[in-house]
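Asks: Sharing final21.csv, CSV, C-alpha atoms:
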chain,number,residue,atom,x,y,z
A,1,MET,CA,0.0,0.0,0.0
A,2,ALA,CA,1.3,3.4,-0.9
A,3,ARG,CA,2.3,5.6,2.0
A,4,ARG,CA,-0.2,8.5,2.5
A,5,ARG,CA,1.3,12.0,2.3
A,6,ARG,CA,0.9,14.3,5.3
A,7,GLY,CA,-1.0,17.5,4.6
A,8,ARG,CA,-3.5,18.6,2.1
A,9,PRO,CA,-3.3,18.1,-1.7
A,10,ILE,CA,-3.3,21.8,-2.5
A,11,ASP,CA,-2.0,23.0,-5.9
A,12,GLY,CA,-1.0,26.4,-7.1
A,13,VAL,CA,1.6,29.2,-7.1
A,14,LEU,CA,2.0,31.9,-4.4
A,15,LEU,CA,3.9,35.0,-5.3
A,16,LEU,CA,5.6,35.7,-1.9
A,17,ASP,CA,7.3,38.9,-1.0
A,18,LYS,CA,10.2,37.5,0.9
A,19,SER,CA,11.4,39.4,3.9
A,20,GLU,CA,15.0,40.5,4.5
A,21,GLY,CA,17.0,38.1,6.7
A,22,VAL,CA,14.9,35.0,5.8
A,23,THR,CA,16.3,32.2,3.8
A,24,SER,CA,14.4,31.0,0.8
A,25,ASN,CA,14.0,27.6,2.4
A,26,ARG,CA,12.6,29.1,5.6
A,27,ALA,CA,10.1,31.2,3.6
A,28,LEU,CA,9.1,28.1,1.7
A,29,GLN,CA,8.4,26.2,5.0
A,30,GLN,CA,6.4,29.1,6.4
A,31,VAL,CA,4.1,29.1,3.4
A,32,ARG,CA,3.8,25.3,3.3
A,33,GLY,CA,2.8,25.3,7.0
A,34,LEU,CA,0.2,28.0,6.5
A,35,TYR,CA,-1.4,26.0,3.7
A,36,GLN,CA,-0.8,22.7,5.4
A,37,ALA,CA,0.3,21.5,1.9
A,38,GLN,CA,1.6,18.0,1.1
A,39,LYS,CA,4.3,19.3,-1.1
A,40,ALA,CA,6.0,22.7,-1.8
A,41,GLY,CA,9.0,24.1,-3.6
A,42,HIS,CA,10.4,27.4,-4.9
A,43,THR,CA,11.7,28.4,-8.3
A,44,GLY,CA,15.2,29.6,-7.4
A,45,THR,CA,16.7,31.0,-4.2
A,46,LEU,CA,17.0,34.6,-3.1
A,47,ASP,CA,19.9,35.4,-0.7
A,48,PRO,CA,18.8,36.0,2.9
A,49,MET,CA,19.7,39.7,2.5
A,50,ALA,CA,17.5,40.1,-0.6
A,51,THR,CA,13.8,40.8,-0.5
A,52,GLY,CA,11.0,40.6,-3.0
A,53,LEU,CA,9.5,38.1,-5.4
A,54,LEU,CA,9.9,34.4,-4.6
A,55,PRO,CA,7.3,32.2,-6.3
A,56,ILE,CA,6.3,29.3,-4.1
A,57,CYS,CA,4.9,26.2,-5.8
A,58,LEU,CA,2.4,24.0,-3.9
A,59,GLY,CA,1.4,20.4,-4.8
A,60,GLU,CA,1.4,19.6,-8.5
A,61,ALA,CA,2.9,23.0,-9.4
A,62,THR,CA,6.3,21.8,-8.1
A,63,LYS,CA,6.4,19.6,-11.2
A,64,PHE,CA,6.7,22.7,-13.4
A,65,SER,CA,8.9,24.9,-11.2
A,66,SER,CA,12.0,24.2,-13.4
A,67,TRP,CA,10.5,26.3,-16.2
A,68,LEU,CA,11.1,29.4,-14.0
A,69,LEU,CA,14.7,28.5,-13.3
A,70,ASP,CA,15.7,29.7,-16.8
A,71,ALA,CA,13.5,32.8,-16.6
A,72,ASP,CA,14.8,36.4,-17.0
A,73,LYS,CA,14.7,38.5,-13.8
A,74,ARG,CA,14.4,42.2,-12.8
A,75,TYR,CA,15.9,43.7,-9.6
A,76,LEU,CA,16.2,47.0,-7.8
A,77,ALA,CA,19.7,47.1,-6.4
A,78,ASN,CA,21.4,49.5,-4.0
A,79,VAL,CA,25.1,49.8,-4.6
A,80,ARG,CA,27.6,51.1,-2.0
A,81,LEU,CA,30.7,52.7,-3.5
A,82,GLY,CA,34.2,52.8,-2.1
A,83,VAL,CA,34.0,49.6,0.0
A,84,VAL,CA,35.0,46.2,-1.2
A,85,THR,CA,33.9,43.0,0.7
A,86,ASP,CA,34.9,39.4,0.4
A,87,THR,CA,31.3,38.3,-0.4
A,88,GLY,CA,30.4,41.2,-2.7
A,89,ASP,CA,27.6,42.4,-0.4
A,90,ARG,CA,27.2,44.2,2.9
A,91,GLU,CA,27.3,40.9,4.9
A,92,GLY,CA,30.9,40.2,4.1
A,93,GLU,CA,34.3,41.2,5.6
A,94,VAL,CA,35.6,44.5,4.4
A,95,LEU,CA,38.7,43.9,2.3
A,96,LYS,CA,39.5,47.5,1.3
A,97,GLN,CA,38.2,51.0,1.4
A,98,ARG,CA,38.9,53.4,-1.4
A,99,THR,CA,38.2,57.1,-2.1
A,100,VAL,CA,35.1,57.7,-4.2
A,101,PRO,CA,35.8,60.3,-6.9
A,102,SER,CA,33.4,63.1,-7.7
A,103,LEU,CA,30.9,61.5,-10.0
A,104,SER,CA,28.1,63.1,-11.9
A,105,ASP,CA,24.9,61.2,-12.8
A,106,ALA,CA,26.2,61.1,-16.4
A,107,ASP,CA,29.4,59.4,-15.2
A,108,VAL,CA,27.4,56.6,-13.5
A,109,GLU,CA,24.9,56.3,-16.4
A,110,ASN,CA,27.8,55.9,-18.9
A,111,VAL,CA,29.2,53.0,-17.0
A,112,LEU,CA,25.8,51.3,-16.7
A,113,SER,CA,24.9,51.8,-20.3
A,114,ASN,CA,28.2,50.1,-21.4
A,115,LEU,CA,27.2,47.0,-19.5
A,116,VAL,CA,24.0,46.4,-21.5
A,117,GLY,CA,24.3,43.3,-23.8
A,118,GLU,CA,26.1,40.0,-23.4
A,119,ILE,CA,29.0,40.0,-20.8
A,120,ASP,CA,31.2,37.4,-19.3
A,121,GLN,CA,30.8,37.1,-15.6
A,122,VAL,CA,32.9,35.0,-13.1
A,123,PRO,CA,30.6,33.5,-10.5
A,124,PRO,CA,31.5,34.7,-6.9
A,125,MET,CA,33.1,32.3,-4.5
A,126,TYR,CA,30.2,33.0,-2.1
A,127,SER,CA,27.6,31.3,-4.2
A,128,ALA,CA,25.7,28.0,-4.2
A,129,LEU,CA,27.4,26.7,-7.3
A,130,LYS,CA,29.1,23.4,-6.6
A,131,HIS,CA,32.7,22.3,-7.0
A,132,GLN,CA,33.5,18.6,-6.3
A,133,GLY,CA,30.1,18.2,-4.8
A,134,ARG,CA,30.3,21.1,-2.3
A,135,PRO,CA,28.9,24.6,-2.7
A,136,LEU,CA,31.5,27.2,-3.5
A,137,TYR,CA,30.7,29.2,-0.3
A,138,GLU,CA,31.9,26.2,1.8
A,139,HIS,CA,35.2,26.3,0.1
A,140,ALA,CA,35.3,30.1,0.6
A,141,ARG,CA,34.7,29.8,4.3
A,142,ALA,CA,37.5,27.2,4.5
A,143,GLY,CA,39.8,29.7,2.9
A,144,ARG,CA,40.1,28.0,-0.4
A,145,GLU,CA,39.9,29.9,-3.7
A,146,ILE,CA,38.5,27.8,-6.6
A,147,THR,CA,39.1,28.8,-10.2
A,148,ARG,CA,35.8,29.5,-11.8
A,149,ALA,CA,35.1,29.7,-15.5
A,150,PRO,CA,33.4,32.8,-16.7
A,151,ARG,CA,29.8,32.5,-17.8
A,152,ARG,CA,28.0,34.4,-20.6
A,153,VAL,CA,25.0,36.3,-19.2
A,154,SER,CA,22.8,39.1,-20.7
A,155,ILE,CA,22.1,42.5,-19.2
A,156,TYR,CA,18.9,43.6,-21.0
A,157,ASP,CA,18.4,46.9,-19.3
A,158,ILE,CA,20.0,48.9,-16.6
A,159,ALA,CA,19.0,52.3,-15.3
A,160,LEU,CA,20.1,54.7,-12.6
A,161,THR,CA,17.1,55.4,-10.3
A,162,ALA,CA,18.6,57.3,-7.4
A,163,ARG,CA,21.9,58.8,-6.0
A,164,HIS,CA,22.8,59.0,-2.4
A,165,ALA,CA,25.8,59.9,-0.3
A,166,GLN,CA,27.3,56.4,-0.3
A,167,GLY,CA,26.4,55.2,-3.8
A,168,PHE,CA,23.3,54.8,-6.0
A,169,ALA,CA,20.3,52.6,-6.8
A,170,MET,CA,19.7,50.9,-10.2
A,171,ASP,CA,16.9,49.0,-11.9
A,172,VAL,CA,18.3,46.1,-13.8
A,173,SER,CA,16.8,43.3,-16.0
A,174,VAL,CA,19.0,40.3,-16.6
A,175,SER,CA,19.2,36.7,-17.9
A,176,LYS,CA,19.3,33.6,-15.7
A,177,GLY,CA,22.6,33.0,-13.9
A,178,THR,CA,23.5,36.7,-13.5
A,179,TYR,CA,24.9,37.7,-10.1
A,180,ILE,CA,23.9,41.2,-9.1
A,181,ARG,CA,26.7,41.2,-6.5
A,182,THR,CA,29.3,40.6,-9.1
A,183,LEU,CA,27.7,43.2,-11.4
A,184,ALA,CA,27.9,45.8,-8.5
A,185,GLU,CA,31.6,44.9,-8.0
A,186,ASP,CA,32.3,45.4,-11.7
A,187,ILE,CA,30.5,48.7,-11.8
A,188,GLY,CA,32.6,49.9,-8.8
A,189,GLU,CA,35.9,48.9,-10.5
A,190,ARG,CA,34.8,50.8,-13.7
A,191,LEU,CA,34.1,53.8,-11.6
A,192,GLY,CA,37.6,53.6,-10.0
A,193,CYS,CA,36.6,53.1,-6.4
A,194,GLY,CA,35.2,49.5,-5.9
A,195,ALA,CA,31.8,48.7,-4.6
A,196,HIS,CA,29.5,46.1,-3.0
A,197,LEU,CA,25.8,45.3,-3.0
A,198,GLU,CA,24.1,47.1,-0.1
A,199,GLY,CA,20.5,45.9,-0.8
A,200,LEU,CA,18.6,43.9,-3.4
A,201,ARG,CA,14.9,43.5,-4.2
A,202,ARG,CA,13.6,41.2,-6.9
A,203,LEU,CA,10.7,42.7,-8.9
A,204,ARG,CA,10.1,40.2,-11.6
A,205,THR,CA,10.9,36.6,-12.5
A,206,GLY,CA,9.6,35.3,-15.9
A,207,ALA,CA,6.0,36.4,-16.4
A,208,PHE,CA,5.5,37.1,-12.6
A,209,ASP,CA,6.0,40.6,-11.3
A,210,ALA,CA,5.8,42.5,-8.0
A,211,ALA,CA,2.2,43.5,-8.5
A,212,GLY,CA,0.9,40.1,-7.4
A,213,MET,CA,3.2,39.7,-4.3
A,214,ILE,CA,2.0,39.1,-0.7
A,215,ASP,CA,4.2,39.1,2.4
A,216,ILE,CA,4.1,36.4,5.1
A,217,GLU,CA,2.6,38.7,7.7
A,218,THR,CA,-0.4,39.5,5.5
A,219,LEU,CA,-0.7,35.8,4.6
A,220,GLU,CA,-0.7,34.8,8.3
A,221,ALA,CA,-3.5,37.2,9.1
A,222,MET,CA,-5.8,35.6,6.4
A,223,ASN,CA,-8.2,32.8,6.9
A,224,ASP,CA,-8.0,29.6,4.9
A,225,GLU,CA,-10.3,30.7,2.2
A,226,GLN,CA,-8.5,34.0,1.6
A,227,ARG,CA,-5.2,32.2,1.4
A,228,LEU,CA,-6.5,29.8,-1.3
A,229,GLU,CA,-7.8,32.8,-3.3
A,230,ARG,CA,-4.2,34.1,-3.4
A,231,LEU,CA,-3.0,31.1,-5.3
A,232,LEU,CA,-2.4,31.2,-9.1
A,233,PRO,CA,-3.3,28.1,-11.1
A,234,VAL,CA,-0.6,25.5,-11.8
A,235,ASP,CA,-0.4,26.5,-15.5
A,236,ALA,CA,0.6,30.0,-14.6
A,237,LEU,CA,4.1,28.5,-14.5
A,238,ILE,CA,4.0,27.3,-18.1
A,239,GLY,CA,1.8,30.0,-19.8
A,240,HIS,CA,4.5,30.7,-22.3
A,241,LEU,CA,4.1,27.2,-23.8
A,242,PRO,CA,1.7,26.6,-26.7
A,243,ALA,CA,-1.6,25.0,-25.6
A,244,LEU,CA,-3.2,21.9,-27.1
A,245,ASN,CA,-6.5,20.2,-26.4
A,246,THR,CA,-7.6,16.6,-26.6
A,247,ASP,CA,-10.8,14.6,-26.3
A,248,ASP,CA,-11.9,12.0,-23.7
A,249,ASP,CA,-10.0,9.1,-25.4
A,250,GLY,CA,-6.9,11.2,-25.8
A,251,ALA,CA,-7.0,12.3,-22.2
A,252,ARG,CA,-7.4,8.7,-21.0
A,253,ARG,CA,-4.5,7.4,-23.1
A,254,ILE,CA,-2.1,10.2,-22.3
A,255,MET,CA,-2.7,9.8,-18.6
A,256,GLN,CA,-1.9,6.1,-19.0
A,257,GLY,CA,1.5,7.1,-20.4
A,258,GLN,CA,0.6,6.5,-24.1
A,259,PRO,CA,1.3,8.8,-27.0
A,260,ILE,CA,-1.6,10.3,-28.8
A,261,ALA,CA,-2.3,11.8,-32.2
A,262,LEU,CA,-3.6,15.4,-32.6
A,263,GLU,CA,-4.8,16.3,-36.1
A,264,THR,CA,-4.3,20.0,-35.6
A,265,LEU,CA,-0.7,19.6,-34.3
A,266,GLU,CA,1.6,22.1,-36.1
A,267,LEU,CA,4.5,22.2,-33.7
A,268,ALA,CA,8.1,21.2,-34.4
A,269,GLU,CA,9.4,17.8,-33.4
A,270,GLY,CA,10.9,17.9,-29.9
A,271,SER,CA,9.0,21.0,-28.8
A,272,VAL,CA,6.8,21.0,-25.7
A,273,ALA,CA,3.3,22.2,-25.1
A,274,ARG,CA,0.5,22.3,-22.4
A,275,LEU,CA,-2.2,19.8,-22.9
A,276,TYR,CA,-5.8,20.3,-21.7
A,277,HIS,CA,-9.0,18.3,-21.6
A,278,ASP,CA,-12.3,20.0,-21.0
A,279,HIS,CA,-10.4,23.1,-19.8
A,280,HIS,CA,-8.4,21.1,-17.2
A,281,LEU,CA,-4.6,20.9,-17.5
A,282,LEU,CA,-3.3,17.4,-18.0
A,283,GLY,CA,0.3,18.3,-18.0
A,284,VAL,CA,3.1,19.0,-20.4
A,285,VAL,CA,3.7,16.9,-23.5
A,286,THR,CA,6.6,16.5,-26.0
A,287,ILE,CA,6.0,16.5,-29.8
A,288,SER,CA,7.5,13.1,-30.5
A,289,THR,CA,6.7,13.0,-34.3
A,290,PRO,CA,4.7,15.4,-36.5
A,291,GLY,CA,1.1,15.0,-35.5
A,292,GLN,CA,1.8,13.0,-32.3
A,293,CYS,CA,2.7,13.9,-28.7
A,294,ALA,CA,3.9,11.9,-25.8
A,295,PRO,CA,3.6,12.6,-22.0
A,296,ARG,CA,6.4,14.5,-20.4
A,297,ARG,CA,5.1,15.7,-17.0
A,298,LEU,CA,1.5,14.9,-16.0
A,299,ILE,CA,-0.8,16.2,-13.3
A,300,ASN,CA,-2.1,13.8,-10.6
A,301,THR,CA,-5.6,14.5,-9.3
A,302,ALA,CA,-6.2,15.3,-5.7
A,303,ASP,CA,-8.0,11.9,-5.3
A,304,GLU,CA,-4.9,10.1,-6.6
A,305,ARG,CA,-2.9,11.7,-3.8
A,306,GLN,CA,-5.2,10.9,-0.9
Let me see the structure of the file written as structure tokens.
Replies:
Amino acid sequence: MARRRRGRPIDGVLLLDKSEGVTSNRALQQVRGLYQAQKAGHTGTLDPMATGLLPICLGEATKFSSWLLDADKRYLANVRLGVVTDTGDREGEVLKQRTVPSLSDADVENVLSNLVGEIDQVPPMYSALKHQGRPLYEHARAGREITRAPRRVSIYDIALTARHAQGFAMDVSVSKGTYIRTLAEDIGERLGCGAHLEGLRRLRTGAFDAAGMIDIETLEAMNDEQRLERLLPVDALIGHLPALNTDDDGARRIMQGQPIALETLELAEGSVARLYHDHHLLGVVTISTPGQCAPRRLINTADERQ
């Protein structure tokens, strides 16, 4: 007999406004506990220092969270000039302090504009990337410097939004894998004084933006029905994929793991799509041959999980 899962079979996506000082895993467990959900996951970590958008996937939505790992992101970043730290942010040890030259807005904007496009970025030692099975930050804390290969990332847009006595704030949109800490350090070097990341707030990831966020305190004050109303449907994670529909027989066969034919199929072989039956998401399918699709990731019903 299959072991029964603890919790409720709740499916959906919550756009959490993560608080400063909270790890992404802690935020995930807080949300899972409030919903008493059987299963939960997030779509990519935010550093404890960072705040803002952290999509939390509940139940069957966890099956599709990987589609957000490759998503573009947008941040509001606060950069402190003249101070270099070992982590690239305010939580690290100060390595050096340098004089900040007199800079006009135009000076800063010129450096920022020159970063737009594809750039090579070396991942920081204080990151979760792994070397020989261990996160780089563990090697860093042990005093080991690991050679890291540069990675190609894209800076889509970057704009100066404010100046202050110790630095400036910028609004930046980037591709997956971009480290804003490293970007801040690079900007500091180009300005001739060094820098580190003083604060970071994520405003967008993929199709999700800050407009739909809710913080944990507000969520805690809600009743169960109000919390459920805050959840986005599972297919909100894969709305960028083309949608296909099938009939009763096709739904039965695909849920049994069999390929099905769709006469109106016009997608390229190897591409993926959402599959629906009677307006209900069945899952994601792969186009195996022209006019035919095979199951890739399917939804289990709540009854199947009881």
Asks: I'd like the contact shell of Val31 of chain A - 8 Å cut-off, all atoms listed in the file, skipping same-chain residues fewer than 4 positions apart - returned as a PyMOL selection string.
Replies: chain A and resi 27+35+56+216
Asks: Measuring atom to atom with all atoms listed in the file, identify which of A:Ala40, A:Val22, A:Val84, A:Leu46 is nearest to Arg202 of chain A.
Replies: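 Looking only at the distances to Arg202 of chain A, the closest residue turns out to be A:Leu46.
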Asks: Out of A:Leu34, A:Ala211, A:Ala273, A:Ala169, which residue has the shortest atom-to-atom distance to Leu58 of chain A when counting all atoms listed in the file?
Replies: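 Of the candidates, the smallest distance to Leu58 of chain A is held by A:Leu34.
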Asks: Report the distance between atom CA of Pro9 of chain A and atom CA of Leu232 of chain A in Å, rounded to one decimal place.
Replies: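 Straight-line distance from atom CA of Pro9 of chain A to atom CA of Leu232 of chain A works out to 15.1 Å.
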Asks: Which residue, A:Asp224, A:Thr23, A:Asp107, A:Arg163, has the smallest gap to Ala37 of chain A when you use all atoms listed in the file?
Replies: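 So, comparing all the options, the nearest one is A:Asp224.
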Asks: Point out the residue among A:Cys293, A:Val79, A:Leu112, A:Val284 with the least atom-to-atom distance to Glu266 of chain A, counting only C-alpha atoms.
Replies: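 That would be A:Cys293, the residue with the smallest distance to Glu266 of chain A.
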Asks: Which residues of segment 71-167 of chain A come within 6 Å of segment 175-196 of chain A, and what is each one's closest atom pair and distance in Å (one decimal), counting all atoms listed in the file, sorted by chain and residue number, as a Markdown table?
Replies:
| residue | atom | partner | partner_atom | distance |
| --- | --- | --- | --- | --- |
| A:Ala71 | CA | A:Lys176 | CA | 5.9 |
| A:Asp72 | CA | A:Ser175 | CA | 4.5 |
| A:Val79 | CA | A:His196 | CA | 6.0 |
| A:Arg80 | CA | A:His196 | CA | 5.4 |
| A:Leu81 | CA | A:Ala195 | CA | 4.3 |
| A:Gly82 | CA | A:Cys193 | CA | 4.9 |
| A:Val83 | CA | A:Ala195 | CA | 5.2 |
| A:Val84 | CA | A:Ala195 | CA | 5.3 |
| A:Gly88 | CA | A:His196 | CA | 5.0 |
| A:Asp89 | CA | A:His196 | CA | 4.9 |
| A:Arg98 | CA | A:Cys193 | CA | 5.5 |
| A:Val100 | CA | A:Cys193 | CA | 5.3 |
| A:Val153 | CA | A:Thr178 | CA | 5.9 |
| A:Ser154 | CA | A:Ser175 | CA | 5.2 |
Asks: My list of candidates is A:Ser113, A:Leu219, A:Leu69, A:Val174. Which is closest to Gln30 of chain A when distances are computed with only C-alpha atoms?
Replies: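 The answer is A:Leu219, which sits nearest to Gln30 of chain A.
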Asks: Just how far from atom CA of Asp11 of chain A is atom CA of Phe64 of chain A, in Å to one decimal?
Replies: 11.5 Å
Asks: At a cut-off of 12 Å, using all atoms listed in the file, what residues contact Glu60 of chain A? Leave out same-chain residues fewer than 4 positions from it and give the result as a list of chain:residue names.
Replies: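 Non-adjacent residues within range: A:Arg8, A:Pro9, A:Ile10, A:Asp11, A:Gly12, A:Val13, A:Ala37, A:Gln38, A:Lys39, A:Ala40, A:Gly41, A:Ile56, A:Phe64, A:Ser65, A:Pro233, A:Val234, A:Asp235, A:Leu237, A:Leu281, A:Leu282, A:Gly283, A:Arg297, A:Leu298, A:Ile299, A:Asn300, A:Thr301, A:Ala302, A:Glu304, A:Arg305.
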Asks: Counting only C-alpha atoms, which of A:Gln292, A:Arg152, A:Gln258, A:Cys57 gets nearest to Ser271 of chain A?
Replies: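 Going through A:Gln292, A:Arg152, A:Gln258, A:Cys57 one by one, the smallest distance to Ser271 of chain A is for A:Gln292.
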Asks: By how many Å are atom CA of Asp247 of chain A and atom CA of Ala268 of chain A apart?
Replies: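 According to the coordinates, atom CA of Asp247 of chain A and atom CA of Ala268 of chain A are separated by 21.6 Å.
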Asks: Using all atoms listed in the file, determine which residues lie at most 9 Å from Thr246 of chain A, disregarding the query and same-chain residues fewer than 2 positions distant; provide the list as a PyMOL selection string.
Replies: chain A and resi 244+248-251+260+262+275-278
Asks: Would you mind exporting the chosen residues as a PDB file, in the frame of the given file, restricted to C-alpha atoms?
Replies:
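Below you can see part_26.pdb, which holds the result:
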ATOM      1  CA  LEU A 244      -3.200  21.900 -27.100  1.00  0.00           C
ATOM      2  CA  ASP A 248     -11.900  12.000 -23.700  1.00  0.00           C
ATOM      3  CA  ASP A 249     -10.000   9.100 -25.400  1.00  0.00           C
ATOM      4  CA  GLY A 250      -6.900  11.200 -25.800  1.00  0.00           C
ATOM      5  CA  ALA A 251      -7.000  12.300 -22.200  1.00  0.00           C
ATOM      6  CA  ILE A 260      -1.600  10.300 -28.800  1.00  0.00           C
ATOM      7  CA  LEU A 262      -3.600  15.400 -32.600  1.00  0.00           C
ATOM      8  CA  LEU A 275      -2.200  19.800 -22.900  1.00  0.00           C
ATOM      9  CA  TYR A 276      -5.800  20.300 -21.700  1.00  0.00           C
ATOM     10  CA  HIS A 277      -9.000  18.300 -21.600  1.00  0.00           C
ATOM     11  CA  ASP A 278     -12.300  20.000 -21.000  1.00  0.00           C
TER      12      ASP A 278
END
